[in-house]
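Dumped model00.pdb below, it's PDB, C-alpha atoms, pLDDT in the B column:
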```pdb
ATOM      1  CA  GLY A   1     -53.981 -67.148  13.388  1.00 66.00           C
ATOM      2  CA  ALA A   2     -51.740 -64.489  14.825  1.00 79.00           C
ATOM      3  CA  VAL A   3     -50.809 -64.782  18.487  1.00 89.00           C
ATOM      4  CA  VAL A   4     -50.532 -61.994  21.021  1.00 93.00           C
ATOM      5  CA  SER A   5     -49.143 -62.653  24.460  1.00 95.00           C
ATOM      6  CA  GLN A   6     -49.564 -60.553  27.548  1.00 96.00           C
ATOM      7  CA  HIS A   7     -47.544 -60.637  30.741  1.00 96.00           C
ATOM      8  CA  PRO A   8     -48.238 -60.905  33.572  1.00 97.00           C
ATOM      9  CA  SER A   9     -51.629 -62.566  33.448  1.00 95.00           C
ATOM     10  CA  ARG A  10     -52.382 -61.579  37.001  1.00 96.00           C
ATOM     11  CA  VAL A  11     -50.789 -59.102  39.385  1.00 97.00           C
ATOM     12  CA  ILE A  12     -51.580 -57.972  42.888  1.00 97.00           C
ATOM     13  CA  CYS A  13     -49.812 -54.895  44.185  1.00 96.00           C
ATOM     14  CA  LYS A  14     -49.938 -52.402  46.996  1.00 96.00           C
ATOM     15  CA  SER A  15     -51.382 -48.968  46.538  1.00 97.00           C
ATOM     16  CA  GLY A  16     -48.775 -46.488  45.357  1.00 96.00           C
ATOM     17  CA  THR A  17     -46.647 -48.933  43.403  1.00 96.00           C
ATOM     18  CA  SER A  18     -46.236 -49.040  39.634  1.00 97.00           C
ATOM     19  CA  VAL A  19     -47.075 -52.024  37.493  1.00 97.00           C
ATOM     20  CA  LYS A  20     -45.810 -52.755  33.993  1.00 97.00           C
ATOM     21  CA  ILE A  21     -47.805 -54.907  31.580  1.00 97.00           C
ATOM     22  CA  GLU A  22     -46.214 -56.237  28.401  1.00 97.00           C
ATOM     23  CA  CYS A  23     -47.999 -56.997  25.164  1.00 96.00           C
ATOM     24  CA  ARG A  24     -46.150 -58.945  22.488  1.00 95.00           C
ATOM     25  CA  SER A  25     -47.078 -60.027  18.998  1.00 92.00           C
ATOM     26  CA  LEU A  26     -45.401 -63.409  18.677  1.00 92.00           C
ATOM     27  CA  ASP A  27     -45.517 -64.236  14.989  1.00 87.00           C
ATOM     28  CA  PHE A  28     -46.166 -60.943  13.254  1.00 87.00           C
ATOM     29  CA  GLN A  29     -45.187 -57.313  13.374  1.00 88.00           C
ATOM     30  CA  ALA A  30     -47.725 -54.932  14.794  1.00 87.00           C
ATOM     31  CA  THR A  31     -47.415 -51.309  13.823  1.00 82.00           C
ATOM     32  CA  THR A  32     -50.476 -50.514  15.905  1.00 89.00           C
ATOM     33  CA  MET A  33     -51.517 -51.881  19.260  1.00 93.00           C
ATOM     34  CA  PHE A  34     -54.493 -50.937  21.363  1.00 94.00           C
ATOM     35  CA  TRP A  35     -54.921 -50.979  25.109  1.00 96.00           C
ATOM     36  CA  TYR A  36     -58.324 -51.628  26.584  1.00 96.00           C
ATOM     37  CA  ARG A  37     -59.750 -51.765  30.042  1.00 96.00           C
ATOM     38  CA  GLN A  38     -62.639 -53.995  30.955  1.00 92.00           C
ATOM     39  CA  PHE A  39     -64.615 -53.840  34.177  1.00 87.00           C
ATOM     40  CA  PRO A  40     -66.524 -56.934  35.342  1.00 84.00           C
ATOM     41  CA  LYS A  41     -69.486 -57.727  33.120  1.00 81.00           C
ATOM     42  CA  GLN A  42     -68.846 -54.636  31.036  1.00 86.00           C
ATOM     43  CA  SER A  43     -67.550 -53.873  27.603  1.00 90.00           C
ATOM     44  CA  LEU A  44     -64.036 -53.039  26.530  1.00 92.00           C
ATOM     45  CA  MET A  45     -63.127 -49.402  26.890  1.00 93.00           C
ATOM     46  CA  LEU A  46     -60.414 -48.161  24.577  1.00 93.00           C
ATOM     47  CA  MET A  47     -57.721 -46.430  26.597  1.00 95.00           C
ATOM     48  CA  ALA A  48     -55.118 -45.613  24.009  1.00 94.00           C
ATOM     49  CA  THR A  49     -53.692 -46.390  20.605  1.00 93.00           C
ATOM     50  CA  SER A  50     -50.031 -47.276  20.531  1.00 90.00           C
ATOM     51  CA  ASN A  51     -48.004 -46.809  17.372  1.00 86.00           C
ATOM     52  CA  GLU A  52     -44.466 -48.061  17.028  1.00 83.00           C
ATOM     53  CA  GLY A  53     -41.933 -45.273  17.276  1.00 81.00           C
ATOM     54  CA  SER A  54     -44.359 -42.538  18.187  1.00 83.00           C
ATOM     55  CA  LYS A  55     -46.309 -41.282  21.154  1.00 87.00           C
ATOM     56  CA  ALA A  56     -49.477 -43.071  22.099  1.00 91.00           C
ATOM     57  CA  THR A  57     -52.831 -41.458  21.434  1.00 92.00           C
ATOM     58  CA  TYR A  58     -55.007 -41.452  24.533  1.00 95.00           C
ATOM     59  CA  GLU A  59     -58.777 -41.460  24.636  1.00 93.00           C
ATOM     60  CA  GLN A  60     -60.602 -38.667  26.364  1.00 91.00           C
ATOM     61  CA  GLY A  61     -60.591 -39.091  30.116  1.00 92.00           C
ATOM     62  CA  VAL A  62     -57.549 -41.366  30.226  1.00 94.00           C
ATOM     63  CA  GLU A  63     -54.608 -39.820  32.078  1.00 94.00           C
ATOM     64  CA  LYS A  64     -51.465 -40.237  30.016  1.00 92.00           C
ATOM     65  CA  ASP A  65     -49.249 -39.590  33.035  1.00 94.00           C
ATOM     66  CA  LYS A  66     -51.076 -42.306  34.909  1.00 96.00           C
ATOM     67  CA  PHE A  67     -51.027 -44.885  32.153  1.00 97.00           C
ATOM     68  CA  LEU A  68     -47.674 -44.749  30.411  1.00 96.00           C
ATOM     69  CA  ILE A  69     -47.496 -46.504  27.074  1.00 94.00           C
ATOM     70  CA  ASN A  70     -44.319 -47.357  25.212  1.00 91.00           C
ATOM     71  CA  HIS A  71     -44.287 -49.062  21.822  1.00 88.00           C
ATOM     72  CA  ALA A  72     -40.563 -49.641  21.510  1.00 83.00           C
ATOM     73  CA  SER A  73     -40.602 -52.189  18.710  1.00 88.00           C
ATOM     74  CA  LEU A  74     -42.922 -53.740  16.158  1.00 88.00           C
ATOM     75  CA  THR A  75     -43.585 -56.636  18.499  1.00 92.00           C
ATOM     76  CA  LEU A  76     -43.758 -55.042  21.923  1.00 93.00           C
ATOM     77  CA  SER A  77     -45.910 -52.456  23.643  1.00 94.00           C
ATOM     78  CA  THR A  78     -45.934 -51.836  27.372  1.00 95.00           C
ATOM     79  CA  LEU A  79     -48.485 -50.235  29.649  1.00 97.00           C
ATOM     80  CA  THR A  80     -47.279 -48.951  32.997  1.00 97.00           C
ATOM     81  CA  VAL A  81     -49.860 -48.100  35.621  1.00 97.00           C
ATOM     82  CA  THR A  82     -48.079 -45.553  37.780  1.00 97.00           C
ATOM     83  CA  SER A  83     -48.831 -45.032  41.465  1.00 96.00           C
ATOM     84  CA  ALA A  84     -51.639 -47.537  41.294  1.00 96.00           C
ATOM     85  CA  HIS A  85     -54.727 -47.125  43.447  1.00 96.00           C
ATOM     86  CA  PRO A  86     -57.572 -49.544  44.192  1.00 96.00           C
ATOM     87  CA  GLU A  87     -59.768 -47.862  41.572  1.00 94.00           C
ATOM     88  CA  ASP A  88     -57.200 -48.905  38.947  1.00 96.00           C
ATOM     89  CA  SER A  89     -58.042 -52.538  39.631  1.00 95.00           C
ATOM     90  CA  SER A  90     -59.382 -53.934  36.399  1.00 95.00           C
ATOM     91  CA  PHE A  91     -58.802 -56.288  33.488  1.00 95.00           C
ATOM     92  CA  TYR A  92     -56.388 -54.772  30.982  1.00 97.00           C
ATOM     93  CA  ILE A  93     -56.316 -56.211  27.473  1.00 96.00           C
ATOM     94  CA  CYS A  94     -54.092 -55.340  24.563  1.00 96.00           C
ATOM     95  CA  SER A  95     -54.695 -56.019  20.916  1.00 94.00           C
ATOM     96  CA  ALA A  96     -52.589 -55.749  17.812  1.00 92.00           C
ATOM     97  CA  LEU A  97     -53.244 -55.080  14.165  1.00 86.00           C
ATOM     98  CA  ALA A  98     -51.281 -57.335  11.880  1.00 73.00           C
ATOM     99  CA  GLY A  99     -50.697 -54.560   9.388  1.00 63.00           C
ATOM    100  CA  THR A 100     -51.433 -56.752   6.406  1.00 59.00           C
ATOM    101  CA  GLY A 101     -54.108 -54.407   5.147  1.00 55.00           C
ATOM    102  CA  GLY A 102     -56.891 -55.967   7.153  1.00 58.00           C
ATOM    103  CA  ASP A 103     -58.341 -54.506  10.311  1.00 69.00           C
ATOM    104  CA  GLU A 104     -58.620 -57.664  12.344  1.00 78.00           C
ATOM    105  CA  GLN A 105     -57.505 -57.252  15.920  1.00 84.00           C
ATOM    106  CA  PHE A 106     -55.704 -60.039  17.689  1.00 89.00           C
ATOM    107  CA  PHE A 107     -56.199 -59.851  21.416  1.00 92.00           C
ATOM    108  CA  GLY A 108     -53.867 -60.801  24.192  1.00 93.00           C
ATOM    109  CA  PRO A 109     -55.194 -62.944  27.042  1.00 93.00           C
ATOM    110  CA  GLY A 110     -55.450 -59.959  29.359  1.00 94.00           C
ATOM    111  CA  THR A 111     -53.944 -58.952  32.697  1.00 96.00           C
ATOM    112  CA  ARG A 112     -55.978 -58.924  35.879  1.00 95.00           C
ATOM    113  CA  LEU A 113     -54.696 -56.102  38.087  1.00 96.00           C
ATOM    114  CA  THR A 114     -55.694 -55.936  41.729  1.00 96.00           C
ATOM    115  CA  VAL A 115     -54.485 -52.990  43.778  1.00 96.00           C
ATOM    116  CA  LEU A 116     -54.782 -53.412  47.522  1.00 96.00           C
TER     117      LEU A 116
ATOM    118  CA  GLY B   1     -66.360 -40.131  20.911  1.00 61.00           C
ATOM    119  CA  GLN B   2     -68.002 -42.830  18.866  1.00 66.00           C
ATOM    120  CA  GLN B   3     -71.207 -44.194  20.387  1.00 78.00           C
ATOM    121  CA  VAL B   4     -72.094 -47.796  19.743  1.00 89.00           C
ATOM    122  CA  MET B   5     -75.265 -49.192  21.269  1.00 92.00           C
ATOM    123  CA  GLN B   6     -75.891 -52.892  21.500  1.00 95.00           C
ATOM    124  CA  ILE B   7     -79.048 -54.729  22.521  1.00 96.00           C
ATOM    125  CA  PRO B   8     -80.132 -56.768  24.281  1.00 96.00           C
ATOM    126  CA  GLN B   9     -77.797 -56.779  27.246  1.00 94.00           C
ATOM    127  CA  TYR B  10     -78.674 -60.356  28.157  1.00 95.00           C
ATOM    128  CA  GLN B  11     -80.389 -63.198  26.354  1.00 96.00           C
ATOM    129  CA  HIS B  12     -81.322 -66.551  27.824  1.00 97.00           C
ATOM    130  CA  VAL B  13     -82.429 -69.166  25.320  1.00 97.00           C
ATOM    131  CA  GLN B  14     -83.185 -72.841  25.273  1.00 97.00           C
ATOM    132  CA  GLU B  15     -80.781 -74.900  23.213  1.00 98.00           C
ATOM    133  CA  GLY B  16     -82.079 -75.032  19.663  1.00 98.00           C
ATOM    134  CA  GLU B  17     -83.679 -71.600  19.762  1.00 98.00           C
ATOM    135  CA  ASP B  18     -82.437 -68.729  17.664  1.00 98.00           C
ATOM    136  CA  PHE B  19     -80.603 -65.660  18.967  1.00 98.00           C
ATOM    137  CA  THR B  20     -80.047 -62.170  17.586  1.00 98.00           C
ATOM    138  CA  THR B  21     -78.039 -59.226  18.848  1.00 98.00           C
ATOM    139  CA  TYR B  22     -78.206 -55.750  17.331  1.00 98.00           C
ATOM    140  CA  CYS B  23     -75.667 -52.996  17.121  1.00 97.00           C
ATOM    141  CA  ASN B  24     -76.407 -49.342  16.300  1.00 95.00           C
ATOM    142  CA  SER B  25     -74.108 -46.426  15.714  1.00 92.00           C
ATOM    143  CA  SER B  26     -74.836 -42.724  15.733  1.00 87.00           C
ATOM    144  CA  THR B  27     -72.554 -42.225  12.729  1.00 89.00           C
ATOM    145  CA  THR B  28     -71.729 -43.997   9.492  1.00 91.00           C
ATOM    146  CA  LEU B  29     -69.033 -46.586   9.977  1.00 89.00           C
ATOM    147  CA  SER B  30     -66.054 -47.625   7.882  1.00 88.00           C
ATOM    148  CA  ASN B  31     -66.608 -51.188   8.913  1.00 90.00           C
ATOM    149  CA  ILE B  32     -67.911 -53.198  11.796  1.00 93.00           C
ATOM    150  CA  GLN B  33     -66.494 -56.273  13.431  1.00 93.00           C
ATOM    151  CA  TRP B  34     -67.958 -58.909  15.690  1.00 96.00           C
ATOM    152  CA  TYR B  35     -66.193 -60.638  18.545  1.00 95.00           C
ATOM    153  CA  LYS B  36     -67.028 -63.402  20.977  1.00 96.00           C
ATOM    154  CA  GLN B  37     -65.712 -63.476  24.505  1.00 94.00           C
ATOM    155  CA  ARG B  38     -66.106 -66.617  26.557  1.00 94.00           C
ATOM    156  CA  PRO B  39     -66.312 -66.271  30.350  1.00 88.00           C
ATOM    157  CA  GLY B  40     -62.821 -65.615  31.684  1.00 85.00           C
ATOM    158  CA  GLY B  41     -61.386 -65.290  28.195  1.00 89.00           C
ATOM    159  CA  HIS B  42     -60.440 -62.564  25.795  1.00 88.00           C
ATOM    160  CA  PRO B  43     -62.356 -61.382  22.722  1.00 91.00           C
ATOM    161  CA  VAL B  44     -61.962 -63.514  19.620  1.00 91.00           C
ATOM    162  CA  PHE B  45     -62.536 -62.085  16.172  1.00 90.00           C
ATOM    163  CA  LEU B  46     -65.509 -63.525  14.320  1.00 94.00           C
ATOM    164  CA  ILE B  47     -65.966 -61.421  11.214  1.00 93.00           C
ATOM    165  CA  GLN B  48     -65.657 -58.021   9.581  1.00 92.00           C
ATOM    166  CA  LEU B  49     -68.328 -56.312   7.483  1.00 94.00           C
ATOM    167  CA  VAL B  50     -67.355 -53.524   5.139  1.00 93.00           C
ATOM    168  CA  LYS B  51     -69.919 -53.048   2.399  1.00 95.00           C
ATOM    169  CA  SER B  52     -73.323 -51.470   2.711  1.00 96.00           C
ATOM    170  CA  GLY B  53     -75.994 -54.170   2.997  1.00 97.00           C
ATOM    171  CA  GLU B  54     -73.388 -56.900   3.306  1.00 96.00           C
ATOM    172  CA  VAL B  55     -74.465 -60.304   4.586  1.00 97.00           C
ATOM    173  CA  LYS B  56     -71.996 -62.960   5.622  1.00 97.00           C
ATOM    174  CA  LYS B  57     -72.545 -66.427   6.998  1.00 97.00           C
ATOM    175  CA  GLN B  58     -70.432 -68.687   9.127  1.00 96.00           C
ATOM    176  CA  LYS B  59     -72.220 -71.991   9.608  1.00 96.00           C
ATOM    177  CA  ARG B  60     -75.095 -71.114  11.979  1.00 98.00           C
ATOM    178  CA  LEU B  61     -74.049 -67.457  12.315  1.00 98.00           C
ATOM    179  CA  THR B  62     -75.378 -64.762   9.978  1.00 98.00           C
ATOM    180  CA  PHE B  63     -73.959 -61.256  10.061  1.00 98.00           C
ATOM    181  CA  GLN B  64     -75.575 -58.236   8.425  1.00 98.00           C
ATOM    182  CA  PHE B  65     -74.427 -54.673   7.843  1.00 97.00           C
ATOM    183  CA  GLY B  66     -77.136 -52.103   7.294  1.00 97.00           C
ATOM    184  CA  GLU B  67     -77.595 -50.194   4.083  1.00 96.00           C
ATOM    185  CA  ALA B  68     -76.648 -46.943   5.786  1.00 95.00           C
ATOM    186  CA  LYS B  69     -73.665 -48.606   7.485  1.00 94.00           C
ATOM    187  CA  LYS B  70     -74.947 -47.500  10.863  1.00 94.00           C
ATOM    188  CA  ASN B  71     -76.272 -50.768  12.195  1.00 95.00           C
ATOM    189  CA  SER B  72     -75.446 -54.431  12.202  1.00 97.00           C
ATOM    190  CA  SER B  73     -76.804 -57.685  13.518  1.00 98.00           C
ATOM    191  CA  LEU B  74     -75.598 -61.137  14.423  1.00 98.00           C
ATOM    192  CA  HIS B  75     -78.054 -64.002  14.218  1.00 98.00           C
ATOM    193  CA  ILE B  76     -77.398 -67.504  15.491  1.00 98.00           C
ATOM    194  CA  THR B  77     -79.670 -70.258  14.257  1.00 98.00           C
ATOM    195  CA  ALA B  78     -80.410 -73.217  16.512  1.00 98.00           C
ATOM    196  CA  THR B  79     -78.145 -72.235  19.388  1.00 98.00           C
ATOM    197  CA  GLN B  80     -75.895 -74.762  21.070  1.00 97.00           C
ATOM    198  CA  THR B  81     -74.335 -74.690  24.523  1.00 96.00           C
ATOM    199  CA  THR B  82     -71.003 -73.917  22.884  1.00 96.00           C
ATOM    200  CA  ASP B  83     -72.450 -70.579  21.780  1.00 97.00           C
ATOM    201  CA  VAL B  84     -72.432 -69.326  25.371  1.00 97.00           C
ATOM    202  CA  GLY B  85     -70.480 -66.116  25.813  1.00 96.00           C
ATOM    203  CA  THR B  86     -70.672 -62.382  25.282  1.00 96.00           C
ATOM    204  CA  TYR B  87     -70.909 -61.086  21.746  1.00 97.00           C
ATOM    205  CA  PHE B  88     -69.504 -57.653  21.025  1.00 96.00           C
ATOM    206  CA  CYS B  89     -69.706 -55.511  17.966  1.00 96.00           C
ATOM    207  CA  ALA B  90     -66.835 -53.140  17.372  1.00 93.00           C
ATOM    208  CA  ALA B  91     -67.127 -50.103  15.158  1.00 91.00           C
ATOM    209  CA  TYR B  92     -64.021 -49.115  13.266  1.00 83.00           C
ATOM    210  CA  ASN B  93     -63.699 -45.401  12.617  1.00 78.00           C
ATOM    211  CA  PHE B  94     -60.804 -43.000  12.531  1.00 76.00           C
ATOM    212  CA  ASN B  95     -58.332 -45.872  12.969  1.00 79.00           C
ATOM    213  CA  LYS B  96     -59.859 -46.924  16.274  1.00 83.00           C
ATOM    214  CA  PHE B  97     -62.239 -49.539  17.516  1.00 87.00           C
ATOM    215  CA  TYR B  98     -65.217 -48.716  19.678  1.00 89.00           C
ATOM    216  CA  PHE B  99     -66.911 -51.663  21.292  1.00 92.00           C
ATOM    217  CA  GLY B 100     -70.590 -52.032  21.904  1.00 93.00           C
ATOM    218  CA  SER B 101     -71.775 -52.910  25.375  1.00 92.00           C
ATOM    219  CA  GLY B 102     -72.074 -56.576  24.460  1.00 95.00           C
ATOM    220  CA  THR B 103     -74.837 -59.147  24.618  1.00 96.00           C
ATOM    221  CA  LYS B 104     -74.371 -61.971  27.038  1.00 96.00           C
ATOM    222  CA  LEU B 105     -75.862 -65.189  25.712  1.00 97.00           C
ATOM    223  CA  ASN B 106     -76.769 -68.050  27.980  1.00 97.00           C
ATOM    224  CA  VAL B 107     -77.959 -71.295  26.434  1.00 97.00           C
ATOM    225  CA  LYS B 108     -79.839 -73.792  28.555  1.00 96.00           C
ATOM    226  CA  PRO B 109     -79.393 -77.430  27.535  1.00 94.00           C
TER     227      PRO B 109
END
```
Serialized structure, structure tokens:
Amino acid sequence: GAVVSQHPSRVICKSGTSVKIECRSLDFQATTMFWYRQFPKQSLMLMATSNEGSKATYEQGVEKDKFLINHASLTLSTLTVTSAHPEDSSFYICSALAGTGGDEQFFGPGTRLTVL
Amino acid sequence: GQQVMQIPQYQHVQEGEDFTTYCNSSTTLSNIQWYKQRPGGHPVFLIQLVKSGEVKKQKRLTFQFGEAKKNSSLHITATQTTDVGTYFCAAYNFNKFYFGSGTKLNVKP
């Protein structure tokens, strides 16, 4: 099956710093990628939809200036958490649609962000 | 936004017992997908249901999509310890996925 990588897998940062998370589709081109946030023992919450070459579409309640998304190529989307605060600590997961006509999502392994 | 309810939240079963999780939407869905997430892992795609009343089987797993395309279920027959994890449904509408709250399955050997 299709493989999606995510980097870094774990990051610890100080409050006020910015953190960039990369999501890559390794063996296919992804016109659409999704960014999710998952709190412990909870479901995945869709944050935004990232389309290659266009602005991301953010879900209601998600600050676009706080969570910057860039989908620069068909294999790479990045999420930057700007001026991170402890409440931003969470598990961030990306997924990609293969664009073959199906709607199957391929998930990255996730990034555990801890803001001190 | 899209509301997807999933029950139960937790299910503890003895190995060999059956397990079912249910997913309900407030609106008609284009399709619904099911995922499994092992502890510490990421969601893994299991199946997609598209047609009204559709039933699909994968070995011991049976997936159903309601006639009105508003609800779905996942049934596992004779659970095994390898079935442990959280099962999520994900509703696909308006080019987005909305995940249910998940059902965490624990199987006692």
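Residues of chain A having any atom within 8 Å of chain B, counting all atoms listed in the file, are Gln42, Ser43, Leu44, Met45, Leu46, Thr49, Ile93, Glu104, Gln105, Phe106, Phe107, Gly108, Pro109 and Gly110 of chain A.
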Atomic distance atom CA of Thr82 of chain B - atom CA of His12 of chain B, expressed in Å with one decimal: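 Computing it gives 13.6 Å between the two atoms.
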Length of the atom CA of Ser95 of chain A to atom CA of Phe63 of chain B vector [Å]: 22.7 Å
Explicit residues for the PyMOL selection byres ((chain A and resi 57) around 12) (as a PyMOL selection string): (chain A and resi 32-35+46-52+54-56+58-64+67-71) or (chain B and resi 95-96)
Residues selected by the PyMOL selection byres ((chain A and resi 4) around 6), written as number ranges by chain: A: 3, 5, 24-26, 108
Nearby residues (only C-alpha atoms) at most 12 Å from Gly16 of chain A, same-chain spacing under 4 positions excluded, as a PyMOL selection string: chain A and resi 66+81-88+115-116
Minimum-distance residue to Leu113 of chain A, chosen among A:Gln38, A:Thr78, A:Ser73, A:Gln29 (using all atoms listed in the file):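 Once distances to Leu113 of chain A are computed over all atoms listed in the file, the minimum belongs to A:Gln38.
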Please complete segment 56-81 of chain B so it has N, CA and C atoms, and hand it over as a compact mmCIF listing (two decimals), keeping the file's coordinate frame.
```txt
# COMPACT_ATOMS: atom_id res chain seq x y z
N LYS B 56 -72.97 -61.87 5.62
CA LYS B 56 -72.00 -62.96 5.62
C LYS B 56 -72.48 -64.07 6.54
N LYS B 57 -72.13 -65.29 6.19
CA LYS B 57 -72.54 -66.43 7.00
C LYS B 57 -71.34 -67.27 7.39
N GLN B 58 -71.42 -67.74 8.63
CA GLN B 58 -70.43 -68.69 9.13
C GLN B 58 -71.22 -69.80 9.81
N LYS B 59 -71.45 -70.87 9.08
CA LYS B 59 -72.22 -71.99 9.61
C LYS B 59 -73.57 -71.49 10.14
N ARG B 60 -73.80 -71.53 11.42
CA ARG B 60 -75.10 -71.11 11.98
C ARG B 60 -75.16 -69.62 12.27
N LEU B 61 -74.09 -68.89 12.03
CA LEU B 61 -74.05 -67.46 12.32
C LEU B 61 -74.25 -66.65 11.03
N THR B 62 -75.13 -65.66 11.10
CA THR B 62 -75.38 -64.76 9.98
C THR B 62 -75.16 -63.34 10.45
N PHE B 63 -74.30 -62.63 9.72
CA PHE B 63 -73.96 -61.26 10.06
C PHE B 63 -74.49 -60.33 8.96
N GLN B 64 -75.07 -59.21 9.39
CA GLN B 64 -75.58 -58.24 8.43
C GLN B 64 -75.06 -56.85 8.75
N PHE B 65 -74.81 -56.08 7.71
CA PHE B 65 -74.43 -54.67 7.84
C PHE B 65 -75.50 -53.86 7.16
N GLY B 66 -76.03 -52.87 7.84
CA GLY B 66 -77.14 -52.10 7.29
C GLY B 66 -76.78 -51.31 6.06
N GLU B 67 -77.80 -50.94 5.32
CA GLU B 67 -77.60 -50.19 4.08
C GLU B 67 -76.90 -48.86 4.33
N ALA B 68 -77.24 -48.23 5.44
CA ALA B 68 -76.65 -46.94 5.79
C ALA B 68 -75.32 -47.09 6.53
N LYS B 69 -74.91 -48.32 6.75
CA LYS B 69 -73.67 -48.61 7.48
C LYS B 69 -73.67 -47.97 8.86
N LYS B 70 -74.84 -48.00 9.50
CA LYS B 70 -74.95 -47.50 10.86
C LYS B 70 -75.39 -48.59 11.82
N ASN B 71 -75.83 -49.71 11.30
CA ASN B 71 -76.27 -50.77 12.20
C ASN B 71 -75.86 -52.13 11.65
N SER B 72 -75.86 -53.09 12.57
CA SER B 72 -75.45 -54.43 12.20
C SER B 72 -76.13 -55.42 13.13
N SER B 73 -76.20 -56.65 12.68
CA SER B 73 -76.80 -57.68 13.52
C SER B 73 -76.05 -58.99 13.36
N LEU B 74 -76.15 -59.78 14.42
CA LEU B 74 -75.60 -61.14 14.42
C LEU B 74 -76.72 -62.08 14.81
N HIS B 75 -76.98 -63.05 13.98
CA HIS B 75 -78.05 -64.00 14.22
C HIS B 75 -77.46 -65.40 14.29
N ILE B 76 -77.83 -66.11 15.35
CA ILE B 76 -77.40 -67.50 15.49
C ILE B 76 -78.62 -68.39 15.37
N THR B 77 -78.57 -69.31 14.47
CA THR B 77 -79.67 -70.26 14.26
C THR B 77 -79.43 -71.51 15.09
N ALA B 78 -80.48 -71.96 15.75
CA ALA B 78 -80.41 -73.22 16.51
C ALA B 78 -79.21 -73.23 17.45
N THR B 79 -79.27 -72.39 18.47
CA THR B 79 -78.14 -72.24 19.39
C THR B 79 -77.74 -73.55 20.03
N GLN B 80 -76.45 -73.62 20.35
CA GLN B 80 -75.90 -74.76 21.07
C GLN B 80 -75.21 -74.24 22.33
N THR B 81 -74.96 -75.13 23.27
CA THR B 81 -74.33 -74.69 24.52
C THR B 81 -72.95 -74.10 24.29
```
